[in-house]
>>> print(open('input10.cif').read())   # mmCIF, C-alpha atoms
data_upload
#
loop_
_atom_site.group_PDB
_atom_site.id
_atom_site.type_symbol
_atom_site.label_atom_id
_atom_site.label_comp_id
_atom_site.auth_asym_id
_atom_site.auth_seq_id
_atom_site.Cartn_x
_atom_site.Cartn_y
_atom_site.Cartn_z
ATOM 1 C CA MET A 360 25.271 5.991 12.951
ATOM 2 C CA GLU A 361 21.980 4.100 12.659
ATOM 3 C CA PRO A 362 18.803 5.731 13.957
ATOM 4 C CA LYS A 363 17.391 4.076 17.052
ATOM 5 C CA PHE A 364 13.741 3.546 17.860
ATOM 6 C CA VAL A 365 12.771 5.530 20.926
ATOM 7 C CA PRO A 366 9.856 4.153 22.997
ATOM 8 C CA GLY A 367 6.828 6.450 22.738
ATOM 9 C CA SER A 368 7.988 7.891 19.417
ATOM 10 C CA PRO A 369 5.996 7.434 16.195
ATOM 11 C CA PRO A 370 6.466 4.080 14.433
ATOM 12 C CA PRO A 371 8.853 3.770 11.491
ATOM 13 C CA HIS A 372 7.281 4.962 8.210
ATOM 14 C CA GLY A 373 6.683 1.397 7.014
ATOM 15 C CA GLN A 374 4.539 0.637 10.046
ATOM 16 C CA GLN A 375 2.442 3.811 10.002
ATOM 17 C CA SER A 376 -1.322 3.493 9.986
ATOM 18 C CA PRO A 377 -3.087 4.370 7.821
ATOM 19 C CA ARG A 378 -0.563 3.796 5.050
ATOM 20 C CA VAL A 379 -1.296 3.543 1.327
ATOM 21 C CA LEU A 380 1.318 2.060 -0.980
ATOM 22 C CA LYS A 381 0.845 3.463 -4.501
ATOM 23 C CA ALA A 382 1.583 1.117 -7.411
ATOM 24 C CA TYR A 383 1.553 2.520 -10.958
ATOM 25 C CA ILE A 384 1.038 0.074 -13.850
ATOM 26 C CA TYR A 385 2.000 0.900 -17.422
ATOM 27 C CA SER A 386 3.079 -0.661 -20.705
ATOM 28 C CA ASP A 387 5.579 0.428 -23.303
ATOM 29 C CA PRO A 388 3.748 0.966 -26.628
ATOM 30 C CA ASP A 389 7.027 0.463 -28.515
ATOM 31 C CA ASP A 390 7.799 -2.889 -26.844
ATOM 32 C CA PRO A 391 6.953 -5.713 -29.286
ATOM 33 C CA THR A 392 6.700 -8.233 -26.410
ATOM 34 C CA ASN A 393 3.546 -6.506 -25.101
ATOM 35 C CA LYS A 394 4.820 -6.518 -21.519
ATOM 36 C CA CYS A 395 3.558 -4.311 -18.732
ATOM 37 C CA PHE A 396 5.351 -2.997 -15.678
ATOM 38 C CA VAL A 397 4.582 -1.887 -12.137
ATOM 39 C CA ASP A 398 6.747 0.590 -10.295
ATOM 40 C CA ILE A 399 7.176 -1.627 -7.232
ATOM 41 C CA GLY A 400 9.318 -4.724 -6.972
ATOM 42 C CA LYS A 401 8.838 -6.199 -3.538
ATOM 43 C CA ALA A 402 7.097 -4.125 -0.911
ATOM 44 C CA THR A 403 6.385 -4.811 2.755
ATOM 45 C CA LEU A 404 2.992 -4.306 4.371
ATOM 46 C CA TRP A 405 2.284 -4.829 8.062
ATOM 47 C CA THR A 406 -0.868 -6.300 9.632
ATOM 48 C CA LYS A 407 0.008 -5.291 13.210
ATOM 49 C CA THR A 408 2.348 -2.981 15.086
ATOM 50 C CA LYS A 409 4.136 -6.093 16.407
ATOM 51 C CA LYS A 410 3.224 -9.731 16.978
ATOM 52 C CA GLY A 411 0.054 -9.623 19.036
ATOM 53 C CA GLY A 412 -0.041 -5.823 18.725
ATOM 54 C CA SER A 413 -2.663 -3.417 17.453
ATOM 55 C CA PRO A 414 -3.966 -3.886 13.883
ATOM 56 C CA LEU A 415 -2.644 -1.540 11.205
ATOM 57 C CA ASP A 416 -4.546 -0.064 8.266
ATOM 58 C CA GLN A 417 -2.223 -0.643 5.290
ATOM 59 C CA THR A 418 -3.434 -0.949 1.706
ATOM 60 C CA VAL A 419 -2.235 -0.779 -1.897
ATOM 61 C CA THR A 420 -3.823 1.491 -4.472
ATOM 62 C CA TRP A 421 -3.233 0.257 -8.019
ATOM 63 C CA TYR A 422 -3.137 2.961 -10.722
ATOM 64 C CA SER A 423 -3.328 2.736 -14.507
ATOM 65 C CA ASP A 424 -0.536 5.087 -15.491
ATOM 66 C CA ASP A 425 -1.120 4.875 -19.250
ATOM 67 C CA ASN A 426 -4.893 4.938 -19.701
ATOM 68 C CA LYS A 427 -5.184 1.149 -20.207
ATOM 69 C CA ALA A 428 -7.228 -1.225 -18.055
ATOM 70 C CA TYR A 429 -5.409 -3.944 -16.091
ATOM 71 C CA LYS A 430 -6.107 -6.853 -13.762
ATOM 72 C CA VAL A 431 -3.766 -7.494 -10.804
ATOM 73 C CA ASP A 432 -4.217 -11.178 -9.986
ATOM 74 C CA PHE A 433 -2.886 -12.860 -6.841
ATOM 75 C CA THR A 434 -4.561 -16.199 -7.708
ATOM 76 C CA THR A 435 -1.914 -16.842 -10.385
ATOM 77 C CA GLY A 436 0.973 -16.599 -7.903
ATOM 78 C CA LYS A 437 2.621 -19.506 -6.099
ATOM 79 C CA ARG A 438 0.227 -19.214 -3.155
ATOM 80 C CA HIS A 439 -2.896 -18.809 -5.356
ATOM 81 C CA VAL A 440 -4.377 -16.484 -2.746
ATOM 82 C CA SER A 441 -4.454 -12.775 -1.990
ATOM 83 C CA PRO A 442 -3.344 -11.247 1.310
ATOM 84 C CA PHE A 443 -6.323 -8.861 1.107
ATOM 85 C CA THR A 444 -9.881 -9.405 2.345
ATOM 86 C CA ASP A 445 -11.459 -9.039 -1.115
ATOM 87 C CA PRO A 446 -12.581 -12.639 -1.845
ATOM 88 C CA SER A 447 -11.939 -12.488 -5.610
ATOM 89 C CA GLY A 448 -8.144 -12.524 -5.268
ATOM 90 C CA TYR A 449 -7.740 -9.930 -8.014
ATOM 91 C CA PHE A 450 -8.262 -6.226 -8.667
ATOM 92 C CA GLN A 451 -9.620 -4.655 -11.854
ATOM 93 C CA VAL A 452 -7.801 -1.381 -12.510
ATOM 94 C CA PRO A 453 -9.865 0.864 -14.798
ATOM 95 C CA ALA A 454 -8.212 2.635 -17.732
ATOM 96 C CA GLY A 455 -6.715 5.861 -16.429
ATOM 97 C CA GLY A 456 -8.122 5.157 -12.961
ATOM 98 C CA SER A 457 -7.281 3.379 -9.752
ATOM 99 C CA VAL A 458 -8.588 0.759 -7.339
ATOM 100 C CA SER A 459 -7.777 0.137 -3.683
ATOM 101 C CA SER A 460 -6.862 -3.301 -2.414
ATOM 102 C CA GLY A 461 -8.898 -2.770 0.717
ATOM 103 C CA PRO A 462 -7.657 -4.124 4.041
ATOM 104 C CA LEU A 463 -5.219 -6.951 4.602
ATOM 105 C CA LYS A 464 -6.484 -10.192 6.111
ATOM 106 C CA THR A 465 -5.457 -10.112 9.748
ATOM 107 C CA ASP A 466 -3.832 -13.541 9.445
ATOM 108 C CA SER A 467 -1.862 -12.693 6.273
ATOM 109 C CA THR A 468 1.835 -13.339 6.539
ATOM 110 C CA ASP A 469 4.546 -14.330 4.055
ATOM 111 C CA TYR A 470 5.336 -13.451 0.438
ATOM 112 C CA TYR A 471 2.505 -12.974 -2.092
ATOM 113 C CA ASP A 472 3.398 -12.780 -5.757
ATOM 114 C CA PHE A 473 0.951 -11.692 -8.441
ATOM 115 C CA ALA A 474 0.566 -11.409 -12.200
ATOM 116 C CA ILE A 475 -0.746 -8.447 -14.157
ATOM 117 C CA PHE A 476 -2.960 -8.832 -17.220
ATOM 118 C CA PHE A 477 -4.387 -6.373 -19.686
ATOM 119 C CA ALA A 478 -8.035 -6.041 -18.566
ATOM 120 C CA ASN A 479 -9.599 -9.070 -20.265
ATOM 121 C CA GLY A 480 -6.446 -10.874 -21.306
ATOM 122 C CA THR A 481 -5.646 -14.482 -20.524
ATOM 123 C CA THR A 482 -1.868 -14.165 -20.872
ATOM 124 C CA PRO A 483 -0.070 -12.117 -18.240
ATOM 125 C CA CYS A 484 1.702 -9.005 -19.453
ATOM 126 C CA MET A 485 3.741 -9.349 -16.231
ATOM 127 C CA ASP A 486 4.395 -12.824 -14.858
ATOM 128 C CA PRO A 487 3.937 -13.760 -11.199
ATOM 129 C CA GLY A 488 7.128 -13.908 -9.184
ATOM 130 C CA ASP A 489 8.489 -10.744 -10.747
ATOM 131 C CA PRO A 490 6.659 -8.393 -8.363
ATOM 132 C CA GLY A 491 5.395 -9.309 -4.922
ATOM 133 C CA LEU A 492 4.246 -8.128 -1.514
ATOM 134 C CA ILE A 493 5.759 -9.207 1.771
ATOM 135 C CA VAL A 494 3.216 -9.188 4.597
ATOM 136 C CA LYS A 495 4.483 -9.121 8.179
ATOM 137 C CA PRO A 496 2.469 -9.910 11.298
#
>>> encode(input="input10.cif", output="structure tokens")
Amino acid sequence: MEPKFVPGSPPPHGQQSPRVLKAYIYSDPDDPTNKCFVDIGKATLWTKTKKGGSPLDQTVTWYSDDNKAYKVDFTTGKRHVSPFTDPSGYFQVPAGGSVSSGPLKTDSTDYYDFAIFFANGTTPCMDPGDPGLIVKP
């Protein structure tokens, strides 16, 4: 039996506000291809409780899980734009640290893929299209 949404009850977990999606980035030191990985595939973030509804506070915090610095870059994806308000379109993740995406743009909607680079690298260690974020109005 599927759970049913009851009016007046709390929203489903995915639409809670505030909500922080945690994404851990790491590389395999024994992998000769020098690839990196993130522990999310496709994730859904919501900008509002429903179309025309109240804004939600949903963000992503990117973590370096192996003490290396990374860059998460939405400008290399098919859309060449980030769903977040930060104008750079990318996030520098410090070695052993974390960085928050900040808020979503209120008009963000659709699928946003991204690449991950080692901090100052020019070749992605994770190509765009592999991971992505789905943003719902």
>>> residues_near_point(input="input10.cif", point="(-10.3, 4.0, -5.5)", cutoff="9 Å", atoms="only C-alpha atoms", output="number ranges by chain")
A: 420-422, 456-460
>>> write_last_selection(input="input10.cif", atoms="C-alpha atoms", output="mmCIF file, keeping the file's coordinate frame")
data_model
loop_
_atom_site.group_PDB
_atom_site.id
_atom_site.type_symbol
_atom_site.label_atom_id
_atom_site.label_comp_id
_atom_site.auth_asym_id
_atom_site.auth_seq_id
_atom_site.Cartn_x
_atom_site.Cartn_y
_atom_site.Cartn_z
ATOM 1 C CA THR A 420 -3.823 1.491 -4.472
ATOM 2 C CA TRP A 421 -3.233 0.257 -8.019
ATOM 3 C CA TYR A 422 -3.137 2.961 -10.722
ATOM 4 C CA GLY A 456 -8.122 5.157 -12.961
ATOM 5 C CA SER A 457 -7.281 3.379 -9.752
ATOM 6 C CA VAL A 458 -8.588 0.759 -7.339
ATOM 7 C CA SER A 459 -7.777 0.137 -3.683
ATOM 8 C CA SER A 460 -6.862 -3.301 -2.414
#
>>> residues_around(input="input10.cif", residues="Thr444 of chain A", least_positions_apart="5", cutoff="6 Å", atoms="only C-alpha atoms", output="list in words")
Pro462, Leu463 and Lys464 of chain A
>>> atom_distance(input="input10.cif", atom1="atom CA of Pro446 of chain A", atom2="atom CA of Asn393 of chain A")
29.0 Å
>>> residues_around(input="input10.cif", residues="Ser386 of chain A", least_positions_apart="5", cutoff="10 Å", atoms="all atoms listed in the file", output="list in words")
Asn393, Lys394, Cys395, Phe396, Val397, Ser423, Asp424, Asp425, Asn426, Lys427, Phe477, Cys484 and Met485 of chain A
>>> resolve_selection(input="input10.cif", expression="the PyMOL selection byres ((chain A and resi 473) around 8)", output="JSON, numbers by chain")
{"A": [431, 432, 433, 434, 435, 436, 471, 472, 474, 475, 486, 487, 488, 489, 490, 491]}
>>> atom_distance(input="input10.cif", atom1="atom CA of Pro414 of chain A", atom2="atom CA of Ile493 of chain A")
16.4 Å
>>> closest_residue(input="input10.cif", among="A:Thr481, A:Arg438, A:Ala428, A:Thr418", to="Gln451 of chain A", atoms="all atoms listed in the file")
A:Ala428
>>> closest_residue(input="input10.cif", among="A:Val440, A:Ala478, A:Val494, A:Val379", to="Asp416 of chain A", atoms="all atoms listed in the file")
A:Val379
>>> residues_around(input="input10.cif", residues="Thr468 of chain A", least_positions_apart="5", cutoff="9 Å", atoms="all atoms listed in the file", output="mmCIF file with C-alpha atoms, in the coordinates of the input")
data_model
loop_
_atom_site.group_PDB
_atom_site.id
_atom_site.type_symbol
_atom_site.label_atom_id
_atom_site.label_comp_id
_atom_site.auth_asym_id
_atom_site.auth_seq_id
_atom_site.Cartn_x
_atom_site.Cartn_y
_atom_site.Cartn_z
ATOM 1 C CA TRP A 405 2.284 -4.829 8.062
ATOM 2 C CA THR A 406 -0.868 -6.300 9.632
ATOM 3 C CA PRO A 442 -3.344 -11.247 1.310
ATOM 4 C CA ILE A 493 5.759 -9.207 1.771
ATOM 5 C CA VAL A 494 3.216 -9.188 4.597
ATOM 6 C CA LYS A 495 4.483 -9.121 8.179
ATOM 7 C CA PRO A 496 2.469 -9.910 11.298
#
>>> closest_residue(input="input10.cif", among="A:Thr465, A:Ser447, A:Thr408, A:Asp398", to="Tyr383 of chain A", atoms="all atoms listed in the file")
A:Asp398
>>> atom_distance(input="input10.cif", atom1="atom CA of Ser467 of chain A", atom2="atom CA of Tyr449 of chain A")
15.7 Å
>>> resolve_selection(input="input10.cif", expression="the PyMOL selection byres ((chain A and resi 377) around 7)", output="count of residues only")
7
>>> closest_residue(input="input10.cif", among="A:Ser441, A:Asp390, A:Leu492, A:Pro483", to="Tyr470 of chain A", atoms="all atoms listed in the file")
A:Leu492
>>> closest_residue(input="input10.cif", among="A:Thr403, A:Asp469, A:Ile384, A:Asp389", to="Ala454 of chain A", atoms="only C-alpha atoms")
A:Ile384
